[in-house]
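Undergrad: Have a look at this one.
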Amino acid sequence: MIEIKNLAKTFAYDKKEAKARQKKVITDPREGEGVFHAVKDVSFNVEPGKVLGLLGPNGAGKTTTLRMLSTALQPTEGQILIDGKDVTKDPLYATKQIGFLSGKTGLYHRLTVQENVEYFGRMHGLAKNELDERLDKIFTLLDMHSFAGKRADDLSTGMSQRASIARAVIHNPRVLVFDEPTTGLDVISAKTVLDFIESYRGTDMSVIFSTHHLHEVEQLCDQVCLIDLGESKFFGTTEEFSAISDNGDLYSSFLKLVKVQKEVA
Amino acid sequence: MWLVYKKEMMELLRDKRTLILSILLPTVIFPIIFFFVGKFSGDRAQEARVQEIEIAFVNAEQMPGLRDLFTAEKNFKKVNIESNNYKELVLSKDVDFILEVPEGSLAPSNSRVQQTVNLHYKGASQLSNILSNRVNKIFESYNNVQRNKLGDAFNIPNASLKAFNKPLEVENKNYASKRERTGEIAGAMIAYILILLAIAGAMYPTLEVGVGEKERGTLETLLLTPMNKSRIVLAKFAVIFSASFSSVAFTLLSYLFWAYIFTNALNLDAIGFLANVSTLDILLIGVLLIPLTSIFASIMLSASIYAKNMKEAQAYMSPIMMLGFVPVLVAFVPGMELNWKTAMIPVTNVALAMKDLIKGTVDYSLIAVLLVSTALIAGALLFFVTQFFKKEKVLFRS
């Protein structure tokens with residue numbers, strides 16, 4: 001289980017940026033004196049076998065939150081617990097437990113698919129036997145054996161995305177983080193990703209899935225967390241999220257929560 | 001077409017980096033560089049023009065007035081010599097010039113035939129040319145005096161006509177070896193090519209392993225592995241270093257091969273000096289390039305990691321290349337030589353040392369000083385880049 005408690009991340013502007021900002025009319029409540037509170041207070045948790053949809057408009061703080069989860073960024077405040085262990089204090093443990101994939105993540109073009117995935121497996125410290133076993137299992141699961149020897153720059157978008165998924169899960173992580181993984185993908189490639197996420201429902205893995213496509217949330221997610229202006233405005237089941245709006249659909253609920261927030265701002 | 005041109009120009013002019021490169025560089029930075037290089041060069045030449053020249057005379061009393069012309073000239077100092085091993089005296093710098101009038105020679109106005117004197121010195125650099133020109137000017141004065149005297153005796157035979165035109169012939173005995181004389185220019189050229197190769201060889205892999213990771217979208221996944229960031233950046237540094245150094249190493253190996261072919265098989269006299277450059281000196285040139293390549297690998301890697309995209313990274317590379325070329329060009333300036341002070345100037349010191357190694361005039365103790373100073377700078381820059389790679393603001397700059 002992964003628990004996020006009162007997570008916050010503040011970025012300090014350098015002198016030049018701070019000076020430039022003083023001259024601008026600032027409407028974003030996250031702007032502070034020479035600092036920007038990208039994430040102010042985000043809390044949610046995901047149990048094993050569940051998929052959580054992380055929603056929010058552009059610039060809400062989703063990617064910053066996910067980068068903190070994956071230890072790429074150090075939180076300013078708050079806790080990230082995986083099975084009760086605070087990974088902000090032990091980033092090495094987190095890297096072993098988390099698999100990360102975004103729509104922007106790529107592959108090394110001059111390496112073959114197998115070499116790409118193997119490289120990350122080795123980086124995660126997998127032994128040769130274990131790595132071979134994992135490769136075979138994942139390549140079978142994602143139907144990748146036919147193009148495992150192809151160079152990454154010769155792959156179709158769909159093949160490329162499958163290779164990226166394989167790379168993200170090669171070390172058998174407990175938590176899978178997907179940051180807008182279907183952005184820019186065609187319908188078939190997007191389906192590959194969504195089917196893969198679906199396959200993890202009911203297993204011992206927790207999945208966090210950030211997206212702008214609410215139909216994907218409806219299809220996949222057990223829970224929803226909506227972030228806006230750096231704060232989690234809603235955390236609950238997908239049904240509870242739908243029920244926020246009068247007509248009971250995710251779009252209306254999303255717009256209602258974000259609109260309320262914009263009006264307050 | 002005009003619409004497209006206007007839009008492209010507008011975009012280009014709004015790009016600060018393009019403006020800096022295309023306007024600031026030629027209008028401000030280059031003139032400043034040229035001014036300082038020119039001033040330094042001019043100062044050294046001026047120093048050579050007024051530098052005291054120590055000159056010894058052998059049998060000069062046989063040509064009355066010749067010695068007096070030298071001693072009357074400002075900044076010429078007459079020195080006495082004990083030995084008649086003129087070469088050793090010159091090479092050990094006991095004396096700058098030795099003017100030797102052969103036994104039995106008389107002033108041309110007395111002998112009525114052309115006379116030859118020997119001028120012993122060592123001249124390999126452009127500055128020593130200035131010194132020998134000063135000496136030759138005095139010979140010209142002496143010739144004028146002799147010409148006048150010979151003119152008095154107008155009825156001279158045909159054989160003496162030559163003496164009338166040039167009463168005194170000076171035979172230069174330059175003890176600088178061919179390697180030194182050719183190496184002065186060729187050494188600087190080879191240093192320039194090797195350093196250029198080291199920098200250029202680092203550029204492409206730097207872009208690939210730095211900003212290339214950001215562009216491909218592999219940086220984030222790389223950072224999510226348990227591998228320590230310092231180890232990641234050190235591995236990247238090692239890749240750049242290997243690529244850059246191997247291009248230099250191949251050049252040196254090729255140099256060895258072609259030097260052998262040209263001098264032994266093809267007997268090309270003009271580059272015969274290459275055969276005199278020892279294997280140790282070539283190895284030392286390679287060793288000198290290790291810290292130098294490290295310096296540029298670290299600077300370029302920092303810029304590449306910092307850049308948001310490939311275009312920005314490439315814009316950073318041009319000034320970095322300049323940072324490499326300008327100090328190398330300084331090594332071409334007349335009078336610039338490797339000493340305790342210049343051994344501390346990064347890049348310039350390596351270029352000067354390479355030049356001296358090729359000329360065969362290097363002071364090996366200065367090589368040690370240079371290596372220590374350059375290695376310290378390289379180490380500090382490598383430490384900086386490892387720390388730089390840990391900064392969130394750098395890695396996720398937007």
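By order in the structure tokens, chains are A, B, ...; within a chain, residues start at 1; ligands start at 1, following the order shown.
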Can you check which residues of region 2-204 of chain A DSSP gives as strand (DSSP E) on the backbone and send them as a count of residues only?
TA: 46
Undergrad: Find the spatial neighbours of Ser247 (chain B), counting only C-alpha atoms, within a cut-off of 12 Å - ignore same-chain residues fewer than 3 positions away - and output them as a list in words.
TA: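 Here the answer would be Ile193, Leu194, Ile195, Leu196, Leu197, Ala198, Ile199, Ala200, Gly201, Ala202, Met203, Ile240, Phe241, Ser242, Ala243, Ser244, Phe250, Thr251, Leu252, Leu253, Ser254, Gly286, Leu289 and Thr293 of chain B.
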Undergrad: Generate a file of the selected residues that holds N, CA and C atoms, formatted as a CSV table (one decimal), in the first residue's frame.
TA:
chain,number,residue,atom,x,y,z
B,193,ILE,N,45.7,21.7,-33.6
B,193,ILE,CA,44.9,20.6,-34.1
B,193,ILE,C,44.5,19.6,-33.1
B,194,LEU,N,45.5,19.2,-32.2
B,194,LEU,CA,45.1,18.2,-31.2
B,194,LEU,C,44.1,18.7,-30.2
B,195,ILE,N,44.3,20.0,-29.8
B,195,ILE,CA,43.4,20.5,-28.8
B,195,ILE,C,42.0,20.7,-29.4
B,196,LEU,N,42.0,21.2,-30.7
B,196,LEU,CA,40.7,21.3,-31.4
B,196,LEU,C,40.0,20.0,-31.5
B,197,LEU,N,40.8,18.9,-31.8
B,197,LEU,CA,40.2,17.6,-31.9
B,197,LEU,C,39.6,17.1,-30.5
B,198,ALA,N,40.4,17.4,-29.5
B,198,ALA,CA,39.9,17.0,-28.1
B,198,ALA,C,38.6,17.7,-27.8
B,199,ILE,N,38.5,19.0,-28.2
B,199,ILE,CA,37.2,19.7,-27.8
B,199,ILE,C,36.1,19.2,-28.8
B,200,ALA,N,36.4,19.2,-30.1
B,200,ALA,CA,35.4,18.8,-31.0
B,200,ALA,C,34.9,17.3,-30.8
B,201,GLY,N,35.9,16.5,-30.4
B,201,GLY,CA,35.6,15.1,-30.2
B,201,GLY,C,34.6,14.9,-29.0
B,202,ALA,N,34.7,15.9,-28.0
B,202,ALA,CA,33.8,15.8,-26.8
B,202,ALA,C,32.4,16.3,-27.1
B,203,MET,N,32.2,17.1,-28.1
B,203,MET,CA,31.0,17.8,-28.3
B,203,MET,C,29.8,16.9,-28.6
B,240,ILE,N,32.3,10.7,-22.5
B,240,ILE,CA,32.8,11.8,-23.2
B,240,ILE,C,34.3,11.9,-23.3
B,241,PHE,N,34.9,11.6,-22.2
B,241,PHE,CA,36.4,11.6,-22.1
B,241,PHE,C,36.9,10.5,-23.1
B,242,SER,N,36.3,9.3,-23.1
B,242,SER,CA,36.9,8.3,-23.9
B,242,SER,C,36.7,8.7,-25.4
B,243,ALA,N,35.6,9.2,-25.8
B,243,ALA,CA,35.4,9.6,-27.2
B,243,ALA,C,36.4,10.7,-27.6
B,244,SER,N,36.5,11.7,-26.7
B,244,SER,CA,37.4,12.8,-27.0
B,244,SER,C,38.8,12.4,-27.1
B,250,PHE,N,44.1,8.5,-31.7
B,250,PHE,CA,44.2,8.0,-33.1
B,250,PHE,C,45.0,9.0,-33.9
B,251,THR,N,44.8,10.3,-33.6
B,251,THR,CA,45.6,11.3,-34.4
B,251,THR,C,47.1,11.1,-34.1
B,252,LEU,N,47.4,10.9,-32.8
B,252,LEU,CA,48.8,10.8,-32.4
B,252,LEU,C,49.4,9.5,-33.1
B,253,LEU,N,48.6,8.4,-33.1
B,253,LEU,CA,49.1,7.2,-33.7
B,253,LEU,C,49.3,7.4,-35.2
B,254,SER,N,48.4,8.1,-35.8
B,254,SER,CA,48.5,8.3,-37.2
B,254,SER,C,49.7,9.2,-37.5
B,286,GLY,N,50.3,13.1,-25.2
B,286,GLY,CA,49.0,12.3,-24.9
B,286,GLY,C,48.6,12.5,-23.4
B,289,LEU,N,47.1,15.8,-22.7
B,289,LEU,CA,45.7,16.0,-23.1
B,289,LEU,C,44.7,15.3,-22.2
B,293,THR,N,41.4,17.3,-21.7
B,293,THR,CA,40.1,16.7,-22.2
B,293,THR,C,39.1,16.6,-21.0
Undergrad: Please find the residues of chain B near chain A - the criterion being any atom within 10 Å, counting only C-alpha atoms - and write them as a PDB file with C-alpha atoms, in the first residue's frame.
TA:
ATOM      1  CA  GLY B 212      19.878  13.874 -25.309  1.00  0.00           C
ATOM      2  CA  GLU B 213      18.524  12.054 -22.230  1.00  0.00           C
ATOM      3  CA  LYS B 214      16.077  14.915 -21.654  1.00  0.00           C
ATOM      4  CA  GLU B 215      14.974  14.992 -25.281  1.00  0.00           C
ATOM      5  CA  ARG B 216      14.491  11.222 -25.480  1.00  0.00           C
ATOM      6  CA  GLY B 217      12.629  11.206 -22.196  1.00  0.00           C
ATOM      7  CA  THR B 218      15.035   8.707 -20.666  1.00  0.00           C
ATOM      8  CA  LEU B 219      16.503  10.983 -17.992  1.00  0.00           C
ATOM      9  CA  GLU B 220      13.627  10.592 -15.596  1.00  0.00           C
ATOM     10  CA  THR B 221      13.652   6.809 -15.902  1.00  0.00           C
ATOM     11  CA  LEU B 222      17.397   6.783 -15.379  1.00  0.00           C
ATOM     12  CA  LEU B 223      17.027   8.837 -12.195  1.00  0.00           C
ATOM     13  CA  LEU B 224      14.460   6.344 -10.916  1.00  0.00           C
ATOM     14  CA  THR B 225      16.968   3.540 -10.835  1.00  0.00           C
ATOM     15  CA  PRO B 226      18.845   2.796  -7.614  1.00  0.00           C
ATOM     16  CA  MET B 227      22.073   3.948  -9.277  1.00  0.00           C
ATOM     17  CA  ASN B 228      23.664   6.839  -7.394  1.00  0.00           C
ATOM     18  CA  LYS B 390      22.071  16.396  -8.262  1.00  0.00           C
ATOM     19  CA  LYS B 391      20.251  19.722  -8.467  1.00  0.00           C
ATOM     20  CA  GLU B 392      16.514  19.380  -9.094  1.00  0.00           C
ATOM     21  CA  LYS B 393      16.459  22.831 -10.697  1.00  0.00           C
ATOM     22  CA  LEU B 395      17.479  18.296 -14.033  1.00  0.00           C
ATOM     23  CA  PHE B 396      13.894  19.483 -14.240  1.00  0.00           C
TER      24      PHE B 396
END
Undergrad: Kindly indicate which residue among A:His213, A:Val207, A:Val42, A:Pro173 lies nearest to Phe235 (chain A), using only C-alpha atoms for the distances.
TA: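 For Phe235 (chain A), the nearest of the candidates is A:Val42.
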Undergrad: Mind checking which residues fall within 7 Å of Ile227 (chain A), counting only C-alpha atoms, ignoring those fewer than 3 positions away in the same chain, and posting them as number ranges by chain?
TA: A: 55-56, 60-62, 230-233
Undergrad: In terms of the shortest atom-to-atom distance over only C-alpha atoms, which of B:Leu323, B:Ile345, B:Gln114, B:Leu91 is closest to Thr361 (chain B)?
TA: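 Result for the nearest residue to Thr361 (chain B): B:Leu91.
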Undergrad: Neighbouring residues of Ile82 (chain A) were defined as those with any atom within 7 Å, considering only C-alpha atoms; residues of the same chain fewer than 3 positions away were excluded. Please report them as an mmCIF file with N, CA and C atoms, in the first residue's frame.
TA:
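Final output, result.cif:
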data_model
loop_
_atom_site.group_PDB
_atom_site.id
_atom_site.type_symbol
_atom_site.label_atom_id
_atom_site.label_comp_id
_atom_site.auth_asym_id
_atom_site.auth_seq_id
_atom_site.Cartn_x
_atom_site.Cartn_y
_atom_site.Cartn_z
ATOM 1 N N MET A 1 0.841 -1.204 0.000
ATOM 2 C CA MET A 1 0.000 0.000 0.000
ATOM 3 C C MET A 1 0.873 1.249 0.000
ATOM 4 N N ILE A 2 0.418 2.231 -0.761
ATOM 5 C CA ILE A 2 1.166 3.490 -0.778
ATOM 6 C C ILE A 2 0.283 4.596 -0.186
ATOM 7 N N GLU A 3 0.879 5.342 0.738
ATOM 8 C CA GLU A 3 0.144 6.433 1.389
ATOM 9 C C GLU A 3 0.903 7.746 1.195
ATOM 10 N N LYS A 85 6.708 2.238 5.188
ATOM 11 C CA LYS A 85 8.074 2.755 5.233
ATOM 12 C C LYS A 85 8.156 4.105 4.506
ATOM 13 N N ASP A 86 8.695 5.116 5.201
ATOM 14 C CA ASP A 86 8.777 6.455 4.617
ATOM 15 C C ASP A 86 9.906 6.508 3.589
ATOM 16 N N VAL A 87 9.523 6.564 2.330
ATOM 17 C CA VAL A 87 10.537 6.488 1.274
ATOM 18 C C VAL A 87 11.256 7.827 1.051
#
Undergrad: Please compute the CA of Glu73 (chain B)-CA of Val333 (chain B) distance, one decimal, in Å.
TA: 28.2 Å
